[in-house]
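The structure appears right after this line, and notes come after that.
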Amino acid sequence: MNKRTITLRVNGAEHTGETEPRRLLSDFIRDDLGLTGTHVGCEHGVCGACTVLVNGDPVRSCLMFAVQADGAEIDTVEGLAPDADTLHPLQEKFHERHGLQCGFCTPGILLTARALLRENPDPSDTEIREWLSGNLCRCTGYVNIVTAIREAAKEVSRR
Amino acid sequence: MAYIGSSVKRREDVPLLRGAGKYVGDIRRPGMVHAAILRSTRAHARVAAIDATAALALPGVVGVITAADLPGLKTIPMRTGIMEGLKRSQQTPIATDRVRYVGDPVAVVVAQDRYIAEDALELVEVVYEDLPAVTGARAAMAADAPRLHEEVPGNVPADFEVDVGDVDRAFAECDLIVEETFETQRHAAVPLETRGLVAEYDEVRDVLTMWGPTKMTHTNWRILSELSGLPQSSIHFIEPAVGGGFGARGEFYPEDFLVPFAAMHFRRPVCWIEDRSENLKATNQSREQSYRVRLGLRKDGTILAMDAAILFNMGGYTRTHGGLPVMASSAMLRGPMRIKNYHCHAYCVLTNKTPVGTYRSPGRYEANFVRERLLDMAARRLGLDPAELRRRNLIRPEEMPYDHGKHPFHYMVYDSGDLPGQLEAALGHMGYDELRQRCTAAKAEGRAMGVGIGCFVETSGIGPWEYARVEVGNNGGVVLYSGVNSVGQGIATALSQIVADEMCVSIDDVRVVHGDTAKVPFGNGSNASRCTVMGGSAAVGACRKVKDKLLALASAELEIDAGDLVLEDGRISVRGAPERSLDFAALARLALPGPALAKGLTPGIAEEDFFATDKRPFPYGVHMVAVEVDRETGMIEILDYLVMEDIGRKVNPMIVEGQMAGGLAQGIGGALLEEFVYDEDGQPQATSFMDYLMPTAMDVPPGRFISTEDFPSPNNPLGVKGAGEGGITAAGAALANAVSDALGVEVTRLPLKPGYLLELMDAAEQS
Ligand code: FES
Ligand code: FES
């Protein structure tokens, strides 16, 4: 199949790669860029595990072709923490509040939550739950995820 | 001591939060190719021919495997729940001449990448000759039903009975007999990560390495050896990060044979990652049972007898769990109630659906629903409050240890607890009396508000043994090699807490190694809430032996009797003379072969222990829920939900409550949303998350979770009872009772979908 060359900025760094037009963005991120923190739980747009930010908006990378992201700015979980020794407040609070068990849904939920906090720095629990309704977690029952996000919001506003 | 009992933050978290967790789908090997499985599209058919010519011609295809490439195939054995008769319907890793469910593996395609492998799947031509299919257990038992396995006439490969007391005599003495049929729907564990395996054969070292096994790593290691003929020493299993288990993930499935076979056959590392639609057809499903039950009581509410017949719809084949779910149902149907006369006849029934296995609280979720519903029906007919009826029948603390009487497959002696006391506590937390008044007031206004109780006893911590080795490494750190597995529950953290306390070291100086067959020789894995109970107890035993060894080393070095030495803060010192001491690193140096042999000591500081027991602990608790049902739409709103459970002793309260919350969400999913629907021909209707609905953050209420440690288990040195399943086990029961109460109807099946509730309301109006 014909390959196309695409260029993306991922977590602030530019990447150029060749890809078939039918290749999913999730596969491109995981296999071509080697960023396997983005997970695939369904490949049909329901579970939210593959969520990344495309130009700041949460997007299911299993529903988008890599070529459609040509020229876009992409954030994945690997770029969330400011540096190797520090965690993002969302990551800190998920750790403190036991917001993860197996961790498979976690990258997608962290990025979804990050987009929420940009849009709404002080969300209520109901707003958090509504915002998260496109991300499945099979382990936690969501309780601690909601708490972690609420507390991270406070932390982000404070800083 | 310091760590056990405290909510230590999980050591698993930080890499996972950074996206650094290596799950099986993240493993990359040089030259790795990708497998895709061609699965039967028919529920029941003869495979007349398979033609892979076109697939093989597709560029990028490495090869295709069918049954013809696998002569002399053995079937996958049961590891538990074994009954002789069930052996006749075990599954071969690939269908030989007949398929028995949609999803049955027919061929394996291996290609350069997953996209090509999937293209090639469509090019493999299979000629099926359809056979009549049967999907319901009762229908499958009919005389004229299609037979799935020639060797199993009547489609019942096994059945058994439980008989305690004198049921006939007891029923004759009853004032009230409640008789009813119940059904629990087929649903499943569905972890968020699908299954997957990477297999690589190194010809020089003669080692087949597999990434991806979990839950039962050591059992599967043995099974693969038996099926493939490779010795266990030539097979190395590595458990990567795991995206949830809940019973389904990590059993030995057909792919656990096919993927390593492909790797050896094509001499290439092979990766197979199940996609979600395969997962919803091929991975063990669970929970589909039908009951016909009679409960006999005296006027005062005392239960005298129970008689049940259970049909266990096991799908097309026997899988690794054998009859385990229905064994558990028949054992735990009496649950927390004193029922001295009990009879149960359980039937394992083959149908043309996906084979089944366990799902968190297997068999108990179903049985709790049935018993707790029956109790509420009886209470209504006797004019008793449901709480009062339970009060009169709960096993009392002075009856502990309580023996439910002989069961052919299940240990039945409850270890300890105060069940009525806990019910009272839960009623208090929930504000039960006031809640009842609110329900009455709401009903007076025409609103359907109700409250439901589900009392339960769980069965956990299954033996018969677990392995641990504890070492003091060269840097003085303590390493636990454990035979249990991680499925995302945080077991490494909990075990480090136990080891740190036992060894008197900082938790940061403890490492836990598990799920690696090259490093851990034995194990019984992660199931039945057994990791802390069995793995923790084995770790304690090994630590105690290591402490003796450390004392012997120090005693030889310091020339002081071991009785005058004390172990504190990671060092051994002379009692009363703390300046004379040796830390673990120094002791490890003394244990090197040179110095140790010179002193006549066995080198190294590494001790093994097995914790073995046939007994089990029985955690117990209460679910209580208040709901309001919209009479127009049949939609349920959960107003308040309480789960209480006594687990003997909490190693990490934060993890325990996380297990309860996660379990409850799954329980709510099973009670309200999740269902594998099949049409009459056995075609599955829920093969994506669009049709198989799992609870989102909008479906699950915050919930209240109270775990207590009032009655430590006498059956293990830690006193723990296992905490993985209490959150889910009575969710179907409590919700069904609350909805029945709200609407004034009698729910007899799950899930509580709006359509069903509307049906019940209509029927109630008409009568
Ligand atoms: S993997 Fe993309 S939404 Fe599930
Ligand atoms: S933590 Fe396992 S799916 Fe969310």
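FYI, nothing fancy with the structure tokens labels: chains A, B, ... in order, residues from 1 per chain, ligands from 1 as they appear.
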
Next item on the list: Using only C-alpha atoms, determine which residues of chain A fall within 6 Å of chain B; present them as a ChimeraX atom specification.
Entry: /A:36-37,41-42,77-78,91,101-104,129,133,136,139-143

Store the residues of this selection in a file with N, CA and C atoms, as a JSON list (two decimals), in the first residue's frame.
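Final output, saved to selection27.json:
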```
[["chain", "number", "residue", "atom", "x", "y", "z"],
["A", 36, "THR", "N", 4.27, 3.39, 24.22],
["A", 36, "THR", "CA", 3.27, 2.37, 24.51],
["A", 36, "THR", "C", 2.43, 2.70, 25.74],
["A", 37, "GLY", "N", 2.60, 3.89, 26.30],
["A", 37, "GLY", "CA", 1.72, 4.30, 27.40],
["A", 37, "GLY", "C", 0.29, 4.52, 26.95],
["A", 41, "GLY", "N", -7.98, -0.57, 24.33],
["A", 41, "GLY", "CA", -8.86, -1.48, 25.06],
["A", 41, "GLY", "C", -10.01, -2.02, 24.23],
["A", 42, "CYS", "N", -10.34, -1.35, 23.12],
["A", 42, "CYS", "CA", -11.49, -1.84, 22.35],
["A", 42, "CYS", "C", -11.32, -1.64, 20.85],
["A", 77, "VAL", "N", 0.52, 10.28, 27.55],
["A", 77, "VAL", "CA", 0.79, 10.18, 28.98],
["A", 77, "VAL", "C", 2.28, 10.35, 29.29],
["A", 78, "GLU", "N", 3.12, 9.95, 28.36],
["A", 78, "GLU", "CA", 4.56, 10.05, 28.61],
["A", 78, "GLU", "C", 5.00, 11.50, 28.78],
["A", 91, "GLN", "N", -1.19, 12.93, 38.40],
["A", 91, "GLN", "CA", -0.49, 11.66, 38.70],
["A", 91, "GLN", "C", -0.26, 11.51, 40.20],
["A", 101, "GLN", "N", -5.79, 0.76, 39.73],
["A", 101, "GLN", "CA", -5.41, -0.59, 40.16],
["A", 101, "GLN", "C", -4.52, -1.19, 39.10],
["A", 102, "CYS", "N", -5.10, -1.72, 38.03],
["A", 102, "CYS", "CA", -4.24, -2.33, 37.01],
["A", 102, "CYS", "C", -3.53, -1.29, 36.17],
["A", 103, "GLY", "N", -4.06, -0.08, 36.12],
["A", 103, "GLY", "CA", -3.40, 1.00, 35.40],
["A", 103, "GLY", "C", -3.63, 1.02, 33.90],
["A", 104, "PHE", "N", -4.47, 0.14, 33.41],
["A", 104, "PHE", "CA", -4.63, 0.07, 31.96],
["A", 104, "PHE", "C", -5.47, 1.24, 31.43],
["A", 129, "ARG", "N", -17.67, 13.27, 36.80],
["A", 129, "ARG", "CA", -18.25, 11.99, 36.35],
["A", 129, "ARG", "C", -18.79, 12.10, 34.93],
["A", 133, "SER", "N", -17.40, 10.05, 31.45],
["A", 133, "SER", "CA", -18.33, 8.97, 31.10],
["A", 133, "SER", "C", -17.91, 8.24, 29.83],
["A", 136, "LEU", "N", -13.86, 3.96, 30.29],
["A", 136, "LEU", "CA", -14.19, 2.84, 31.16],
["A", 136, "LEU", "C", -13.02, 2.50, 32.06],
["A", 139, "CYS", "N", -11.62, -1.59, 37.10],
["A", 139, "CYS", "CA", -11.06, -2.00, 38.39],
["A", 139, "CYS", "C", -11.54, -1.19, 39.58],
["A", 140, "THR", "N", -11.62, 0.12, 39.43],
["A", 140, "THR", "CA", -11.67, 0.98, 40.62],
["A", 140, "THR", "C", -13.07, 1.33, 41.07],
["A", 141, "GLY", "N", -14.07, 1.20, 40.21],
["A", 141, "GLY", "CA", -15.39, 1.71, 40.58],
["A", 141, "GLY", "C", -15.46, 3.23, 40.55],
["A", 142, "TYR", "N", -14.43, 3.86, 40.02],
["A", 142, "TYR", "CA", -14.38, 5.30, 39.76],
["A", 142, "TYR", "C", -14.29, 6.20, 41.00],
["A", 143, "VAL", "N", -14.64, 5.69, 42.16],
["A", 143, "VAL", "CA", -14.73, 6.56, 43.34],
["A", 143, "VAL", "C", -13.42, 7.33, 43.55]]
```

Next item on the list: Enumerate, as a PyMOL selection string, the complete set of residues in chain A that a backbone-based DSSP assignment places in helix (DSSP H, G or I).
Entry: chain A and resi 25-32+61-63+66-69+77-79+89-96+106-119+125-134+143-158

Save the residues we just selected, C-alpha atoms, as a tab-separated table (two decimals), in the first residue's frame?
```
chain	number	residue	atom	x	y	z
A	25	LEU	CA	-3.14	6.92	15.12
A	26	SER	CA	-3.06	4.62	18.15
A	27	ASP	CA	-0.87	2.12	16.29
A	28	PHE	CA	1.34	4.89	14.96
A	29	ILE	CA	1.89	6.25	18.45
A	30	ARG	CA	2.48	2.83	19.99
A	31	ASP	CA	4.47	1.08	17.28
A	32	ASP	CA	6.09	3.74	15.11
A	61	SER	CA	-6.61	7.64	18.86
A	62	CYS	CA	-8.17	4.34	17.75
A	63	LEU	CA	-10.80	6.27	15.82
A	66	ALA	CA	-2.39	8.69	11.63
A	67	VAL	CA	-2.51	10.66	8.37
A	68	GLN	CA	-5.38	12.73	9.74
A	69	ALA	CA	-3.11	13.89	12.52
A	77	VAL	CA	0.79	10.18	28.98
A	78	GLU	CA	4.56	10.05	28.61
A	79	GLY	CA	4.60	13.84	28.34
A	89	PRO	CA	-0.57	16.85	40.14
A	90	LEU	CA	-3.04	14.47	38.52
A	91	GLN	CA	-0.49	11.66	38.70
A	92	GLU	CA	0.37	12.58	42.27
A	93	LYS	CA	-3.25	12.49	43.36
A	94	PHE	CA	-4.00	9.24	41.56
A	95	HIS	CA	-1.10	7.75	43.51
A	96	GLU	CA	-2.17	9.26	46.82
A	106	THR	CA	-5.12	5.27	33.59
A	107	PRO	CA	-3.25	7.01	30.73
A	108	GLY	CA	-6.49	7.71	28.88
A	109	ILE	CA	-8.18	8.93	32.04
A	110	LEU	CA	-5.26	11.18	32.99
A	111	LEU	CA	-5.34	12.90	29.61
A	112	THR	CA	-9.12	13.22	29.66
A	113	ALA	CA	-8.84	14.75	33.12
A	114	ARG	CA	-6.10	17.08	32.02
A	115	ALA	CA	-8.35	18.46	29.28
A	116	LEU	CA	-11.14	18.85	31.83
A	117	LEU	CA	-8.99	20.89	34.19
A	118	ARG	CA	-7.98	23.23	31.38
A	119	GLU	CA	-11.62	23.80	30.54
A	125	ASP	CA	-17.99	15.63	41.31
A	126	THR	CA	-20.93	15.42	38.94
A	127	GLU	CA	-19.05	17.37	36.29
A	128	ILE	CA	-16.06	15.08	36.72
A	129	ARG	CA	-18.25	11.99	36.35
A	130	GLU	CA	-19.96	13.37	33.27
A	131	TRP	CA	-16.64	14.28	31.70
A	132	LEU	CA	-15.30	10.78	32.44
A	133	SER	CA	-18.33	8.97	31.10
A	134	GLY	CA	-16.44	8.05	27.93
A	143	VAL	CA	-14.73	6.56	43.34
A	144	ASN	CA	-11.06	7.23	43.90
A	145	ILE	CA	-10.56	8.52	40.39
A	146	VAL	CA	-13.15	11.22	41.02
A	147	THR	CA	-11.53	12.12	44.34
A	148	ALA	CA	-8.08	12.27	42.77
A	149	ILE	CA	-9.23	14.55	39.98
A	150	ARG	CA	-11.07	16.85	42.37
A	151	GLU	CA	-7.99	17.18	44.55
A	152	ALA	CA	-5.66	17.59	41.61
A	153	ALA	CA	-7.84	20.45	40.37
A	154	LYS	CA	-7.24	22.27	43.65
A	155	GLU	CA	-3.54	21.57	43.42
A	156	VAL	CA	-3.31	22.86	39.85
A	157	SER	CA	-5.16	26.06	40.74
A	158	ARG	CA	-2.97	26.60	43.79
```

Next item on the list: Quick one: pull the distance between CA of Asp646 (chain B) and CA of Lys721 (chain B), Å, one decimal.
Entry: 8.2 Å

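Pocket residues of ligand 1, taken as those with any atom at most 6 Å away using only C-alpha atoms and all ligand atoms, are Val40, Gly41, Cys42, Glu43, His44, Gly45, Val46, Cys47, Gly48, Ala49, Cys50, Arg60, Ser61 and Cys62 of chain A.
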
Checklist line | Selection: 9 Å around Val622 (chain B), only C-alpha atoms, excl. self and same-chain fewer than 6 positions, as a VMD selection string | finding: chain B and resid 419 422 to 423 426 453 to 457 642 to 645 726 730 734

Restrict the selected residues to N, CA and C atoms and save them as a JSON list (two decimals), in the first residue's frame.
```json
[["chain", "number", "residue", "atom", "x", "y", "z"],
["B", 419, "LEU", "N", -22.12, -12.64, 62.58],
["B", 419, "LEU", "CA", -22.93, -12.21, 61.44],
["B", 419, "LEU", "C", -24.11, -11.32, 61.86],
["B", 422, "GLN", "N", -22.93, -7.88, 62.74],
["B", 422, "GLN", "CA", -22.58, -7.05, 61.60],
["B", 422, "GLN", "C", -23.82, -6.54, 60.88],
["B", 423, "LEU", "N", -24.85, -7.38, 60.81],
["B", 423, "LEU", "CA", -26.10, -6.90, 60.19],
["B", 423, "LEU", "C", -26.64, -5.70, 60.97],
["B", 426, "ALA", "N", -24.66, -2.68, 60.12],
["B", 426, "ALA", "CA", -24.97, -2.17, 58.79],
["B", 426, "ALA", "C", -26.32, -1.45, 58.80],
["B", 453, "ILE", "N", -31.57, -5.66, 51.07],
["B", 453, "ILE", "CA", -30.46, -6.21, 51.86],
["B", 453, "ILE", "C", -29.92, -7.44, 51.15],
["B", 454, "GLY", "N", -28.63, -7.61, 51.19],
["B", 454, "GLY", "CA", -28.02, -8.85, 50.72],
["B", 454, "GLY", "C", -26.95, -9.27, 51.71],
["B", 455, "CYS", "N", -27.26, -10.29, 52.52],
["B", 455, "CYS", "CA", -26.25, -10.79, 53.45],
["B", 455, "CYS", "C", -25.43, -11.86, 52.73],
["B", 456, "PHE", "N", -24.16, -11.95, 53.08],
["B", 456, "PHE", "CA", -23.36, -12.95, 52.38],
["B", 456, "PHE", "C", -22.25, -13.50, 53.25],
["B", 457, "VAL", "N", -21.83, -14.71, 52.90],
["B", 457, "VAL", "CA", -20.55, -15.23, 53.36],
["B", 457, "VAL", "C", -19.76, -15.53, 52.11],
["B", 642, "LEU", "N", -24.33, 0.70, 50.61],
["B", 642, "LEU", "CA", -23.36, 0.40, 51.66],
["B", 642, "LEU", "C", -22.86, -1.04, 51.50],
["B", 643, "VAL", "N", -21.56, -1.20, 51.55],
["B", 643, "VAL", "CA", -20.99, -2.55, 51.61],
["B", 643, "VAL", "C", -20.19, -2.65, 52.91],
["B", 644, "MET", "N", -20.50, -3.66, 53.70],
["B", 644, "MET", "CA", -19.72, -3.92, 54.91],
["B", 644, "MET", "C", -19.16, -5.33, 54.82],
["B", 645, "GLU", "N", -17.94, -5.48, 55.24],
["B", 645, "GLU", "CA", -17.36, -6.82, 55.19],
["B", 645, "GLU", "C", -16.33, -6.98, 56.30],
["B", 726, "GLY", "N", -15.93, -9.49, 48.24],
["B", 726, "GLY", "CA", -17.09, -9.02, 49.01],
["B", 726, "GLY", "C", -17.82, -7.87, 48.35],
["B", 730, "ALA", "N", -22.85, -9.70, 46.69],
["B", 730, "ALA", "CA", -24.29, -9.61, 46.97],
["B", 730, "ALA", "C", -24.93, -8.41, 46.27],
["B", 734, "ALA", "N", -28.86, -7.59, 46.56],
["B", 734, "ALA", "CA", -29.38, -6.40, 47.23],
["B", 734, "ALA", "C", -30.18, -5.53, 46.26]]
```

Item checked: Distance criterion (only C-alpha atoms): nearest to Ala72 (chain A) out of A:Arg23, A:His88, A:Arg159, A:Arg9 ->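 Using only C-alpha atoms, the shortest distance to Ala72 (chain A) belongs to A:Arg9.
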
Checklist line | Neighbour list for Asn393 (chain B) as a list in words, cut-off 9 Å, only C-alpha atoms, skip fewer than 4 positions in-chain | finding: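 Counting only the stated atoms, we get Gly301, Thr302, Ile303, Pro336, Met337, Arg338, Ile339, Glu388, Leu389 and Pro420 of chain B.
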
Checklist line | Computed interatomic separation between CA of Glu239 (chain B) and CA of Gly212 (chain B) (Å) | finding: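 Separating CA of Glu239 (chain B) from CA of Gly212 (chain B) is a distance of 5.3 Å.
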